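Asks: The file below is structure.csv, CSV, C-alpha atoms:
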chain,number,residue,atom,x,y,z
A,6,MET,CA,82.1,7.1,-274.5
A,7,TYR,CA,79.1,8.7,-276.2
A,8,ASP,CA,76.9,6.9,-278.7
A,9,LEU,CA,76.7,10.1,-280.8
A,10,ILE,CA,78.4,13.5,-280.8
A,11,ILE,CA,76.8,16.3,-282.9
A,12,ILE,CA,78.9,19.3,-283.8
A,13,GLY,CA,76.9,22.5,-284.7
A,14,GLY,CA,74.1,24.7,-283.5
A,15,GLY,CA,71.9,25.4,-286.5
A,16,PRO,CA,68.7,23.8,-287.7
A,17,ALA,CA,70.3,20.5,-288.8
A,18,ALA,CA,72.2,20.0,-285.6
A,19,ILE,CA,69.3,21.0,-283.4
A,20,THR,CA,66.9,18.6,-285.1
A,21,ALA,CA,69.5,15.8,-285.0
A,22,GLY,CA,69.8,16.4,-281.3
A,23,ILE,CA,66.0,16.2,-280.8
A,24,TYR,CA,65.7,13.0,-282.8
A,25,ALA,CA,68.8,11.4,-281.3
A,26,ALA,CA,67.7,12.2,-277.7
A,27,ARG,CA,64.3,10.7,-278.3
A,28,LYS,CA,66.1,7.4,-279.2
A,29,LYS,CA,67.5,7.4,-275.6
A,30,ILE,CA,71.1,7.1,-276.7
A,31,LYS,CA,73.9,8.9,-275.1
A,32,VAL,CA,74.2,12.2,-277.0
A,33,LEU,CA,76.5,15.2,-276.7
A,34,LEU,CA,75.9,18.4,-278.8
A,35,LEU,CA,78.8,20.8,-279.1
A,36,THR,CA,78.3,24.3,-280.5
A,37,LYS,CA,80.1,27.7,-280.4
A,38,ASN,CA,76.7,29.6,-280.8
A,39,TRP,CA,73.2,29.0,-281.9
A,40,GLY,CA,71.4,29.3,-285.2
A,41,GLY,CA,74.1,29.3,-287.7
A,42,GLN,CA,73.1,31.4,-290.8
A,43,MET,CA,69.5,31.2,-289.7
A,44,ALA,CA,70.3,33.6,-286.9
A,45,TRP,CA,71.4,36.1,-289.5
A,46,ALA,CA,68.2,36.1,-291.5
A,47,PRO,CA,66.1,39.2,-290.8
A,48,GLU,CA,62.9,37.5,-291.9
A,49,ILE,CA,62.0,34.0,-292.8
A,50,ASP,CA,58.8,33.4,-294.8
A,51,ASN,CA,59.3,29.9,-296.3
A,52,TYR,CA,59.5,27.7,-293.1
A,53,THR,CA,56.3,25.7,-293.4
A,54,GLY,CA,53.8,26.3,-290.6
A,55,ILE,CA,55.3,29.7,-289.6
A,56,SER,CA,54.5,32.2,-292.4
A,57,ASN,CA,56.7,35.0,-291.2
A,58,VAL,CA,59.3,34.9,-288.4
A,59,LYS,CA,62.5,36.7,-287.5
A,60,GLY,CA,65.6,34.4,-287.9
A,61,LEU,CA,66.5,35.0,-284.2
A,62,ASP,CA,63.0,34.1,-283.0
A,63,LEU,CA,63.1,30.8,-284.9
A,64,VAL,CA,66.5,30.1,-283.5
A,65,ASN,CA,65.2,30.7,-279.9
A,66,ARG,CA,62.2,28.5,-280.5
A,67,MET,CA,64.3,25.6,-281.9
A,68,VAL,CA,66.9,25.9,-279.0
A,69,ALA,CA,64.1,25.8,-276.4
A,70,HIS,CA,62.6,22.8,-278.1
A,71,LEU,CA,66.0,21.0,-278.1
A,72,LYS,CA,66.6,21.8,-274.4
A,73,GLU,CA,63.3,20.1,-273.5
A,74,ASN,CA,65.0,16.8,-274.5
A,75,ASP,CA,67.4,14.6,-272.6
A,76,LEU,CA,70.9,15.2,-274.0
A,77,GLU,CA,74.2,16.8,-273.0
A,78,ILE,CA,74.8,20.2,-274.5
A,79,LYS,CA,78.0,22.3,-274.4
A,80,GLU,CA,77.5,25.9,-275.6
A,81,GLY,CA,80.1,28.5,-276.4
A,82,VAL,CA,82.8,25.8,-277.1
A,83,GLU,CA,84.7,25.5,-280.3
A,84,VAL,CA,85.8,22.1,-281.6
A,85,LYS,CA,89.4,22.2,-282.5
A,86,LYS,CA,90.1,18.7,-283.8
A,87,VAL,CA,88.3,15.5,-284.8
A,88,SER,CA,90.2,12.2,-285.2
A,89,LEU,CA,89.4,8.6,-286.1
A,90,LYS,CA,90.9,6.1,-283.7
A,91,LYS,CA,92.2,2.6,-284.6
A,92,ASP,CA,89.1,1.0,-283.2
A,93,SER,CA,87.2,3.4,-285.5
A,94,SER,CA,85.7,5.3,-282.6
A,95,LEU,CA,86.0,9.1,-282.8
A,96,GLU,CA,87.8,11.6,-280.7
A,97,VAL,CA,86.6,15.2,-280.6
A,98,ARG,CA,88.8,17.9,-279.0
A,99,THR,CA,87.6,21.3,-277.9
A,100,GLY,CA,90.0,23.9,-276.3
A,101,GLU,CA,89.8,22.2,-272.9
A,102,GLU,CA,88.1,18.8,-273.2
A,103,VAL,CA,88.5,15.5,-275.1
A,104,TYR,CA,85.4,13.4,-275.9
A,105,GLN,CA,85.0,9.9,-277.4
A,106,SER,CA,82.1,8.7,-279.4
A,107,ARG,CA,80.9,5.8,-281.5
A,108,THR,CA,79.4,8.0,-284.2
A,109,LEU,CA,79.5,11.7,-285.2
A,110,ILE,CA,77.2,14.1,-287.0
A,111,MET,CA,78.9,17.1,-288.7
A,112,ALA,CA,76.2,19.8,-288.9
A,113,THR,CA,78.6,22.8,-288.9
A,114,GLY,CA,76.9,24.8,-291.7
A,115,ARG,CA,78.7,27.5,-293.6
A,116,THR,CA,80.6,30.7,-293.0
A,117,PRO,CA,80.3,34.0,-295.0
A,118,LYS,CA,82.7,34.1,-297.9
A,119,LYS,CA,85.4,36.8,-297.8
A,120,ILE,CA,85.9,38.9,-301.0
A,121,ASN,CA,89.7,39.1,-300.4
A,122,ALA,CA,89.9,42.8,-301.5
A,123,ALA,CA,92.5,45.0,-300.0
A,124,GLY,CA,91.4,46.5,-296.7
A,125,GLU,CA,88.8,43.8,-295.9
A,126,GLU,CA,90.7,42.4,-292.9
A,127,LYS,CA,91.9,45.8,-291.7
A,128,PHE,CA,88.4,47.3,-291.6
A,129,LEU,CA,86.5,44.2,-290.3
A,130,GLY,CA,84.5,45.5,-287.4
A,131,LYS,CA,85.6,49.0,-288.3
A,132,GLY,CA,82.8,49.7,-290.8
A,133,ILE,CA,82.9,46.3,-292.6
A,134,SER,CA,80.5,43.6,-291.4
A,135,TYR,CA,79.1,40.3,-292.7
A,136,CYS,CA,75.9,40.5,-290.5
A,137,ALA,CA,73.3,43.0,-291.3
A,138,VAL,CA,70.9,42.0,-288.6
A,139,CYS,CA,73.7,42.5,-286.1
A,140,ASP,CA,75.2,45.7,-287.4
A,141,ALA,CA,72.8,47.6,-289.7
A,142,PRO,CA,71.5,49.7,-286.8
A,143,LEU,CA,75.1,50.9,-286.2
A,144,TYR,CA,75.1,52.4,-289.7
A,145,ALA,CA,72.1,54.6,-289.1
A,146,ASP,CA,72.0,57.7,-291.4
A,147,ARG,CA,75.1,56.6,-293.2
A,148,VAL,CA,75.9,55.7,-296.8
A,149,VAL,CA,76.2,52.0,-296.9
A,150,ALA,CA,77.7,49.7,-299.7
A,151,VAL,CA,76.6,46.1,-300.0
A,152,ILE,CA,79.0,43.9,-301.9
A,153,GLY,CA,77.0,41.2,-303.6
A,154,GLY,CA,73.9,41.2,-305.8
A,155,GLY,CA,72.4,37.8,-305.1
A,156,ASN,CA,69.7,36.8,-302.6
A,157,THR,CA,72.1,37.4,-299.7
A,158,GLY,CA,73.1,40.8,-301.0
A,159,ILE,CA,69.6,42.0,-301.6
A,160,ASN,CA,68.4,40.7,-298.2
A,161,THR,CA,71.3,42.5,-296.6
A,162,ALA,CA,70.6,45.7,-298.5
A,163,LEU,CA,66.9,45.7,-297.5
A,164,GLU,CA,67.9,45.3,-293.8
A,165,ALA,CA,70.5,48.0,-294.1
A,166,ALA,CA,68.0,50.4,-295.8
A,167,LYS,CA,65.8,50.3,-292.6
A,168,TYR,CA,68.5,52.5,-291.0
A,169,ALA,CA,71.0,53.9,-293.6
A,170,ALA,CA,70.6,57.1,-295.5
A,171,ARG,CA,71.4,55.4,-298.8
A,172,VAL,CA,72.4,51.9,-299.8
A,173,TYR,CA,74.4,51.0,-302.9
A,174,ILE,CA,74.5,47.3,-304.1
A,175,LEU,CA,77.7,46.4,-306.0
A,176,GLY,CA,76.8,43.3,-307.9
A,177,TYR,CA,79.5,41.3,-309.7
A,178,GLN,CA,77.3,39.7,-312.3
A,179,PRO,CA,76.0,41.6,-315.3
A,180,LYS,CA,72.5,40.7,-314.1
A,181,SER,CA,71.4,39.9,-310.6
A,182,SER,CA,71.0,36.2,-309.8
A,183,ALA,CA,68.6,36.9,-307.0
A,184,ASP,CA,64.9,35.7,-306.8
A,185,GLN,CA,62.7,38.0,-308.9
A,186,TYR,CA,60.6,38.7,-305.8
A,187,LEU,CA,63.7,40.1,-304.0
A,188,GLN,CA,64.9,42.1,-307.1
A,189,ILE,CA,61.5,43.9,-307.3
A,190,LYS,CA,61.7,44.7,-303.6
A,191,ALA,CA,65.2,46.2,-304.0
A,192,GLU,CA,64.3,48.2,-307.1
A,193,SER,CA,61.2,49.6,-305.5
A,194,ASN,CA,63.1,50.8,-302.4
A,195,PRO,CA,63.9,54.5,-302.9
A,196,LYS,CA,67.1,54.3,-300.7
A,197,ILE,CA,68.6,51.5,-302.7
A,198,THR,CA,70.7,51.9,-305.9
A,199,PHE,CA,71.8,48.7,-307.7
A,200,TYR,CA,75.1,48.7,-309.7
A,201,HIS,CA,75.7,45.6,-311.9
A,202,ASN,CA,78.9,44.2,-313.5
A,203,ILE,CA,81.1,45.6,-310.7
A,204,LEU,CA,84.5,44.4,-309.5
A,205,THR,CA,85.3,45.5,-306.0
A,206,HIS,CA,89.0,46.3,-305.7
A,207,GLU,CA,89.7,48.0,-302.3
A,208,PHE,CA,88.3,49.4,-299.1
A,209,LYS,CA,89.9,52.7,-298.0
A,210,GLY,CA,89.9,54.8,-294.8
A,211,ASP,CA,91.9,55.7,-291.6
A,212,ASN,CA,90.7,54.0,-288.5
A,213,PHE,CA,87.3,53.2,-290.0
A,214,VAL,CA,86.3,52.5,-293.6
A,215,SER,CA,85.3,55.6,-295.7
A,216,ALA,CA,85.3,54.5,-299.3
A,217,VAL,CA,85.0,51.5,-301.7
A,218,VAL,CA,87.2,51.5,-304.8
A,219,TYR,CA,85.6,49.5,-307.6
A,220,GLU,CA,85.8,48.9,-311.4
A,221,ASP,CA,82.8,49.2,-313.7
A,222,LYS,CA,83.4,46.1,-315.9
A,223,ASN,CA,81.2,47.7,-318.7
A,224,THR,CA,83.7,50.5,-319.2
A,225,GLY,CA,86.8,49.4,-317.3
A,226,GLU,CA,86.7,52.6,-315.4
A,227,LYS,CA,87.8,52.7,-311.8
A,228,LYS,CA,85.6,54.6,-309.4
A,229,GLU,CA,85.4,55.5,-305.7
A,230,LEU,CA,82.2,55.3,-303.7
A,231,ALA,CA,82.1,57.2,-300.4
A,232,ALA,CA,80.6,54.8,-297.8
A,233,THR,CA,81.1,54.5,-294.1
A,234,GLY,CA,79.4,51.2,-293.8
A,235,VAL,CA,80.1,48.1,-295.9
A,236,PHE,CA,78.4,44.7,-295.8
A,237,ILE,CA,80.0,41.8,-297.6
A,238,ALA,CA,77.3,39.4,-298.8
A,239,ILE,CA,78.7,37.2,-301.6
A,240,GLY,CA,77.6,33.8,-300.3
A,241,SER,CA,79.3,31.3,-298.0
A,242,ILE,CA,81.7,28.4,-297.7
A,243,PRO,CA,81.1,25.1,-296.0
A,244,ASN,CA,82.7,24.5,-292.5
A,245,SER,CA,84.1,21.1,-293.4
A,246,SER,CA,87.8,21.7,-292.4
A,247,LEU,CA,87.5,19.5,-289.2
A,248,VAL,CA,87.0,16.4,-291.3
A,249,LYS,CA,88.6,17.4,-294.6
A,250,ASN,CA,91.4,14.7,-294.2
A,251,MET,CA,89.0,12.0,-293.1
A,252,VAL,CA,86.0,12.1,-295.4
A,253,GLU,CA,85.4,12.8,-299.1
A,254,LEU,CA,84.5,16.4,-300.0
A,255,ASN,CA,83.2,17.6,-303.4
A,256,GLU,CA,84.9,20.4,-305.4
A,257,LYS,CA,83.1,23.0,-303.3
A,258,LYS,CA,84.6,21.4,-300.2
A,259,GLU,CA,81.1,20.2,-299.1
A,260,ILE,CA,80.9,16.8,-297.3
A,261,LYS,CA,79.7,14.1,-299.8
A,262,ILE,CA,76.9,12.1,-298.2
A,263,ASP,CA,74.6,9.3,-299.4
A,264,CYS,CA,70.9,9.3,-299.0
A,265,GLN,CA,71.3,8.1,-295.4
A,266,ASN,CA,73.5,11.1,-294.6
A,267,ALA,CA,76.6,8.9,-294.2
A,268,SER,CA,79.9,10.2,-295.4
A,269,SER,CA,82.7,8.1,-297.0
A,270,VAL,CA,83.5,7.0,-293.4
A,271,LYS,CA,80.6,4.9,-292.2
A,272,ASN,CA,80.3,6.2,-288.6
A,273,ILE,CA,80.6,9.9,-289.6
A,274,PHE,CA,77.4,11.4,-290.7
A,275,ALA,CA,76.6,14.9,-291.9
A,276,ALA,CA,73.6,17.1,-292.3
A,277,GLY,CA,72.6,20.5,-293.6
A,278,ASP,CA,74.5,23.2,-295.4
A,279,VAL,CA,78.0,21.7,-294.8
A,280,THR,CA,77.0,18.7,-297.1
A,281,ASP,CA,76.4,18.4,-300.8
A,282,VAL,CA,72.6,18.4,-300.3
A,283,SER,CA,71.1,20.0,-303.4
A,284,HIS,CA,69.5,23.0,-301.7
A,285,LYS,CA,70.7,25.0,-298.7
A,286,GLN,CA,67.4,25.9,-296.9
A,287,ILE,CA,66.4,25.9,-293.3
A,288,ILE,CA,63.6,23.4,-293.8
A,289,VAL,CA,65.8,21.1,-295.8
A,290,ALA,CA,68.5,21.2,-293.1
A,291,THR,CA,66.0,20.2,-290.4
A,292,GLY,CA,64.9,17.2,-292.4
A,293,GLU,CA,68.5,16.3,-293.1
A,294,GLY,CA,69.3,16.6,-289.3
A,295,ALA,CA,66.5,14.1,-288.5
A,296,LYS,CA,67.6,11.7,-291.2
A,297,ALA,CA,71.2,11.8,-290.0
A,298,ALA,CA,70.2,11.1,-286.4
A,299,LEU,CA,67.9,8.2,-287.4
A,300,ASN,CA,70.6,6.6,-289.6
A,301,ALA,CA,73.3,7.1,-286.9
A,302,TYR,CA,70.9,5.2,-284.6
A,303,ASN,CA,70.5,2.4,-287.1
A,304,TYR,CA,74.3,2.2,-287.5
A,305,LEU,CA,74.6,1.9,-283.7
A,306,ASN,CA,72.1,-0.9,-283.6
A,307,GLN,CA,73.8,-2.8,-286.4
A,308,MET,CA,77.1,-2.5,-284.5
A,309,LYS,CA,75.4,-4.0,-281.5
A,310,GLY,CA,74.2,-6.9,-283.8
A,311,GLU,CA,70.6,-6.2,-283.0
B,17,MET,CA,81.7,24.7,-257.4
B,18,GLU,CA,81.1,28.4,-258.2
B,19,GLU,CA,82.9,30.9,-256.0
B,20,THR,CA,80.8,33.0,-253.6
B,21,ARG,CA,80.4,36.4,-255.3
B,22,LYS,CA,81.8,39.3,-253.1
B,23,GLU,CA,79.9,42.1,-254.8
B,24,GLN,CA,78.1,42.4,-258.1
B,25,PRO,CA,80.6,43.4,-260.9
B,26,ALA,CA,79.7,46.5,-263.0
B,27,ILE,CA,78.6,45.0,-266.3
B,28,ARG,CA,77.3,47.1,-269.2
B,29,VAL,CA,76.3,45.4,-272.5
B,30,PHE,CA,76.1,47.4,-275.7
B,31,SER,CA,73.9,45.5,-278.3
B,32,THR,CA,71.3,45.7,-281.0
B,33,PRO,CA,67.9,43.9,-280.6
B,34,SER,CA,68.3,41.7,-283.6
B,35,CYS,CA,71.9,40.6,-283.2
B,36,PRO,CA,72.0,36.8,-282.4
B,37,TYR,CA,75.4,37.0,-280.6
B,38,CYS,CA,74.1,39.8,-278.4
B,39,VAL,CA,71.3,37.6,-277.4
B,40,ASN,CA,73.7,34.7,-276.7
B,41,LEU,CA,75.8,36.9,-274.5
B,42,LYS,CA,72.9,38.3,-272.5
B,43,GLN,CA,71.4,34.8,-272.1
B,44,TYR,CA,74.7,33.5,-270.8
B,45,LEU,CA,75.0,36.4,-268.2
B,46,ASP,CA,71.3,35.7,-267.2
B,47,GLU,CA,72.1,31.9,-266.8
B,48,LYS,CA,75.1,32.7,-264.6
B,49,GLY,CA,73.0,35.1,-262.5
B,50,PHE,CA,74.8,38.4,-263.4
B,51,LYS,CA,73.0,41.7,-263.6
B,52,TYR,CA,74.0,44.1,-266.3
B,53,GLU,CA,73.0,47.4,-267.9
B,54,ASP,CA,71.4,46.6,-271.3
B,55,ILE,CA,72.2,49.4,-273.7
B,56,ASP,CA,70.5,49.4,-277.2
B,57,VAL,CA,72.9,51.1,-279.5
B,58,ALA,CA,70.3,51.0,-282.3
B,59,GLU,CA,68.2,53.5,-280.4
B,60,ASP,CA,70.8,55.4,-278.2
B,61,GLU,CA,73.2,57.3,-280.5
B,62,LYS,CA,75.3,58.7,-277.7
B,63,ALA,CA,75.8,55.1,-276.4
B,64,ARG,CA,76.7,54.0,-279.9
B,65,GLU,CA,79.4,56.6,-280.1
B,66,GLU,CA,80.7,55.7,-276.6
B,67,MET,CA,80.9,52.0,-277.7
B,68,ILE,CA,82.7,52.8,-280.9
B,69,SER,CA,85.2,55.0,-279.2
B,70,LYS,CA,85.8,52.7,-276.2
B,71,SER,CA,86.1,49.5,-278.3
B,72,LYS,CA,87.7,51.2,-281.3
B,73,GLN,CA,85.4,49.2,-283.5
B,74,MET,CA,81.7,49.0,-284.6
B,75,GLY,CA,80.7,45.4,-284.1
B,76,VAL,CA,78.2,44.3,-281.5
B,77,PRO,CA,78.0,43.0,-278.8
B,78,VAL,CA,80.5,44.9,-276.7
B,79,ALA,CA,80.6,44.2,-272.9
B,80,GLU,CA,82.2,46.5,-270.4
B,81,ILE,CA,83.1,44.5,-267.3
B,82,ASN,CA,84.5,46.5,-264.4
B,83,GLY,CA,85.9,49.0,-267.0
B,84,GLU,CA,87.4,46.3,-269.2
B,85,ILE,CA,86.1,46.1,-272.8
B,86,VAL,CA,85.2,42.7,-274.4
B,87,VAL,CA,84.3,42.7,-278.1
B,88,GLY,CA,81.9,39.9,-279.2
B,89,PHE,CA,80.7,37.0,-277.2
B,90,ASP,CA,84.2,36.0,-276.1
B,91,LYS,CA,83.2,33.4,-273.5
B,92,ALA,CA,86.7,32.6,-272.3
B,93,LYS,CA,87.5,36.3,-271.6
B,94,ILE,CA,84.1,36.8,-269.9
B,95,ASP,CA,84.6,33.7,-267.8
B,96,GLN,CA,88.0,35.0,-266.7
B,97,LEU,CA,86.8,38.5,-265.9
B,98,LEU,CA,83.7,37.2,-263.9
B,99,GLY,CA,85.4,34.2,-262.3
B,100,ILE,CA,83.0,31.8,-263.9
B,101,LYS,CA,84.2,28.2,-263.8
B,102,GLU,CA,82.5,25.5,-265.9
Could I get this structure in the form of structure tokens?

Replies:
Amino acid sequence: MYDLIIIGGGPAAITAGIYAARKKIKVLLLTKNWGGQMAWAPEIDNYTGISNVKGLDLVNRMVAHLKENDLEIKEGVEVKKVSLKKDSSLEVRTGEEVYQSRTLIMATGRTPKKINAAGEEKFLGKGISYCAVCDAPLYADRVVAVIGGGNTGINTALEAAKYAARVYILGYQPKSSADQYLQIKAESNPKITFYHNILTHEFKGDNFVSAVVYEDKNTGEKKELAATGVFIAIGSIPNSSLVKNMVELNEKKEIKIDCQNASSVKNIFAAGDVTDVSHKQIIVATGEGAKAALNAYNYLNQMKGE
Amino acid sequence: MEETRKEQPAIRVFSTPSCPYCVNLKQYLDEKGFKYEDIDVAEDEKAREEMISKSKQMGVPVAEINGEIVVGFDKAKIDQLLGIKE
């Protein structure tokens, strides 16, 4: 029986692991991979103390910091099921193993949203990607379409433009919702063209994607853009499904937490972007991870009657 | 107990420098003591085309283990091909 199991490998989970390990309780951290969305950020320049760092470099620094601490870590494993037992302890199942714990921290972050246009599934990995830092180099010298005109979309387009011949941003909104700073960066990049008020209909091609069919909502006209690389960057959804039948979620399916990071079930805590925390930022997630671990520790002490 | 390794399997890893899953895969192989050819498809166009044609897709990482193609950091398949036991 563990005192605490943490599910996740991003900034919230890692920080929770460091704080929990320092309390000398029996901690297990389970993650499929490291970094969560942070690993996908080409550049991070708002993490206090480090003015500019590659997402991957920050991930590696955080993981190294975690591994200097005394806790059990299982990498490359996917949690399949979480259940609450009669004695209110928790059971966590991966593909091969079953673990028991007194408390749980859900720090599972978010997953890129799908646009659900025809051809999206068919061409995933065949010209369609959700990860510019991974795949932008593969679209060198190609025409690339980026679906999404917000912060994620523009960051993706800027990354793609380092390699591609041309980049077209297809933004759904009449006006981009991205930070002004990013909009200026995109507009001043000669390789990037920004279309607004666009509805993406379909991705076409044979074995690999070759065109995007879209509608210009200003005119209602349907058009086709030849592109052999597509990034879908329209935001993300919370990874809360493991506990969706156990704890309260808000209308966006985020885990509702109180100021001590407790969910509606008192020994299930949550931290970071999977929760209803007001802002999804790396630095916020680390703070939330620390708070979740400290409050789980308080809960354990109360249970022991100390 | 890890099996004694008869001879080093032929492992080639196609990746890009900034891809986090590529780093995870290479770190995993390093941790398990396997040597591999590290091919940067961001730089090497010929290798990029080889990867795409062999894996029939464009995502990275792609590992070629004794001729067999593994797309992504598919730990279970890699463990099976390399005889890694947890």

Asks: For chain A, report every residue with an atom at most 6 Å from chain B (counting all atoms listed in the file), formatted as a list in words.

Replies: Ala44, Gly130, Lys131, Val138, Cys139 and Pro142 of chain A

Asks: Those same residues, written as a PDB file, keeping the file's coordinate frame with C-alpha atoms?

Replies:
ATOM      1  CA  ALA A  44      70.300  33.600-286.900  1.00  0.00           C
ATOM      2  CA  GLY A 130      84.500  45.500-287.400  1.00  0.00           C
ATOM      3  CA  LYS A 131      85.600  49.000-288.300  1.00  0.00           C
ATOM      4  CA  VAL A 138      70.900  42.000-288.600  1.00  0.00           C
ATOM      5  CA  CYS A 139      73.700  42.500-286.100  1.00  0.00           C
ATOM      6  CA  PRO A 142      71.500  49.700-286.800  1.00  0.00           C
TER       7      PRO A 142
END

Asks: Given the point (57.2, 40.7, -300.2) in the coordinates of this file, which residues lie within 12 Å, counting all atoms listed in the file, and how would they look as a ChimeraX atom specification?

Replies: /A:48-51,56-57,160,163,184-191,193-194

Asks: For Asn303 (chain A), work out the shell of residues within 12 Å, counting only C-alpha atoms and skipping chain neighbours fewer than 4 positions away, then give it as a PDB file with C-alpha atoms, in the coordinates of the input.

Replies:
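Saved the output as result12.pdb:
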ATOM      1  CA  ASP A   8      76.900   6.900-278.700  1.00  0.00           C
ATOM      2  CA  LEU A   9      76.700  10.100-280.800  1.00  0.00           C
ATOM      3  CA  ALA A  25      68.800  11.400-281.300  1.00  0.00           C
ATOM      4  CA  LYS A  28      66.100   7.400-279.200  1.00  0.00           C
ATOM      5  CA  ILE A  30      71.100   7.100-276.700  1.00  0.00           C
ATOM      6  CA  THR A 108      79.400   8.000-284.200  1.00  0.00           C
ATOM      7  CA  GLN A 265      71.300   8.100-295.400  1.00  0.00           C
ATOM      8  CA  ASN A 266      73.500  11.100-294.600  1.00  0.00           C
ATOM      9  CA  ALA A 267      76.600   8.900-294.200  1.00  0.00           C
ATOM     10  CA  LYS A 271      80.600   4.900-292.200  1.00  0.00           C
ATOM     11  CA  ASN A 272      80.300   6.200-288.600  1.00  0.00           C
ATOM     12  CA  PHE A 274      77.400  11.400-290.700  1.00  0.00           C
ATOM     13  CA  LYS A 296      67.600  11.700-291.200  1.00  0.00           C
ATOM     14  CA  ALA A 297      71.200  11.800-290.000  1.00  0.00           C
ATOM     15  CA  ALA A 298      70.200  11.100-286.400  1.00  0.00           C
ATOM     16  CA  LEU A 299      67.900   8.200-287.400  1.00  0.00           C
ATOM     17  CA  GLN A 307      73.800  -2.800-286.400  1.00  0.00           C
ATOM     18  CA  MET A 308      77.100  -2.500-284.500  1.00  0.00           C
ATOM     19  CA  LYS A 309      75.400  -4.000-281.500  1.00  0.00           C
ATOM     20  CA  GLY A 310      74.200  -6.900-283.800  1.00  0.00           C
ATOM     21  CA  GLU A 311      70.600  -6.200-283.000  1.00  0.00           C
TER      22      GLU A 311
END

Asks: Pick from B:Lys101, B:Lys70, B:Lys93, B:Lys42: nearest to Ile55 (chain B), with only C-alpha atoms counted?

Replies: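 Result for the nearest residue to Ile55 (chain B): B:Lys42.
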
Asks: Distance CA of Gly41 (chain A)-CA of Ala18 (chain A), one decimal place?

Replies: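 Pair CA of Gly41 (chain A) / CA of Ala18 (chain A) returns 9.7 Å.
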
Asks: When distances are computed from all atoms listed in the file, which of B:Ile81, B:Met67, B:Val29, B:Val86 shows the smallest separation from Gln43 (chain B)?

Replies: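 Residue with the minimum atom-to-atom distance to Gln43 (chain B): B:Val29.
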
Asks: Go ahead and compute the interatomic distance for CA of Gly14 (chain A) and CA of Thr36 (chain A), in Å to one decimal.

Replies: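 These two atoms are separated by 5.2 Å.
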
Asks: Up to 10 Å from (72.9, 23.7, -299.6) in the file's coordinates: name the residues, counting all atoms listed in the file, as a list in words.

Replies: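 Here is the list of nearby residues: Gly114, Arg115, Pro243, Glu259, Ala276, Gly277, Asp278, Val279, Thr280, Asp281, Val282, Ser283, His284, Lys285, Gln286, Ile287, Val289 and Ala290 of chain A.
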
Asks: Could you state the separation of CA of Tyr304 (chain A) and CA of Leu71 (chain A) in Å, given to one decimal place?

Replies: 22.6 Å

Asks: Identify, on the basis of all atoms listed in the file, every residue whose closest approach to region 47-51 of chain B does not exceed 10 Å; exclude the query and any residue fewer than 5 positions from it along the same chain; express the result as a PyMOL selection string.

Replies: chain B and resi 18+24-28+41-42+98+100

Asks: Within 10 Å of Lys86 (chain A), counting only C-alpha atoms, which residues qualify if same-chain residues fewer than 2 places away don't, as an NGL selection string?

Replies: :A and (83-84 or 88 or 96-100 or 103 or 246-248)

Asks: Please produce a file of the residues just selected, as a CSV table (one decimal), in the frame of the given file, where the atoms kept are C-alpha atoms.

Replies:
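File out-v5.csv, as written:
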chain,number,residue,atom,x,y,z
A,83,GLU,CA,84.7,25.5,-280.3
A,84,VAL,CA,85.8,22.1,-281.6
A,88,SER,CA,90.2,12.2,-285.2
A,96,GLU,CA,87.8,11.6,-280.7
A,97,VAL,CA,86.6,15.2,-280.6
A,98,ARG,CA,88.8,17.9,-279.0
A,99,THR,CA,87.6,21.3,-277.9
A,100,GLY,CA,90.0,23.9,-276.3
A,103,VAL,CA,88.5,15.5,-275.1
A,246,SER,CA,87.8,21.7,-292.4
A,247,LEU,CA,87.5,19.5,-289.2
A,248,VAL,CA,87.0,16.4,-291.3

Asks: What would region 35-42 of chain A look like with N, CA and C atoms restored, written as a PDB file, in the coordinates of the input?

Replies:
ATOM      1  N   LEU A  35      77.814  19.803-279.316  1.00  0.00           N
ATOM      2  CA  LEU A  35      78.800  20.800-279.100  1.00  0.00           C
ATOM      3  C   LEU A  35      78.591  21.981-280.067  1.00  0.00           C
ATOM      4  N   THR A  36      78.491  23.226-279.573  1.00  0.00           N
ATOM      5  CA  THR A  36      78.300  24.300-280.500  1.00  0.00           C
ATOM      6  C   THR A  36      78.947  25.609-279.929  1.00  0.00           C
ATOM      7  N   LYS A  37      79.481  26.450-280.825  1.00  0.00           N
ATOM      8  CA  LYS A  37      80.100  27.700-280.400  1.00  0.00           C
ATOM      9  C   LYS A  37      78.917  28.713-280.139  1.00  0.00           C
ATOM     10  N   ASN A  38      77.921  28.745-281.057  1.00  0.00           N
ATOM     11  CA  ASN A  38      76.700  29.600-280.800  1.00  0.00           C
ATOM     12  C   ASN A  38      75.537  28.938-281.496  1.00  0.00           C
ATOM     13  N   TRP A  39      74.397  29.580-281.391  1.00  0.00           N
ATOM     14  CA  TRP A  39      73.200  29.000-281.900  1.00  0.00           C
ATOM     15  C   TRP A  39      72.672  29.597-283.166  1.00  0.00           C
ATOM     16  N   GLY A  40      72.106  28.779-284.025  1.00  0.00           N
ATOM     17  CA  GLY A  40      71.400  29.300-285.200  1.00  0.00           C
ATOM     18  C   GLY A  40      72.071  29.246-286.488  1.00  0.00           C
ATOM     19  N   GLY A  41      73.403  29.301-286.455  1.00  0.00           N
ATOM     20  CA  GLY A  41      74.100  29.300-287.700  1.00  0.00           C
ATOM     21  C   GLY A  41      73.635  30.491-288.578  1.00  0.00           C
ATOM     22  N   GLN A  42      73.529  30.275-289.870  1.00  0.00           N
ATOM     23  CA  GLN A  42      73.100  31.400-290.800  1.00  0.00           C
ATOM     24  C   GLN A  42      71.678  31.799-290.515  1.00  0.00           C
TER      25      GLN A  42
END
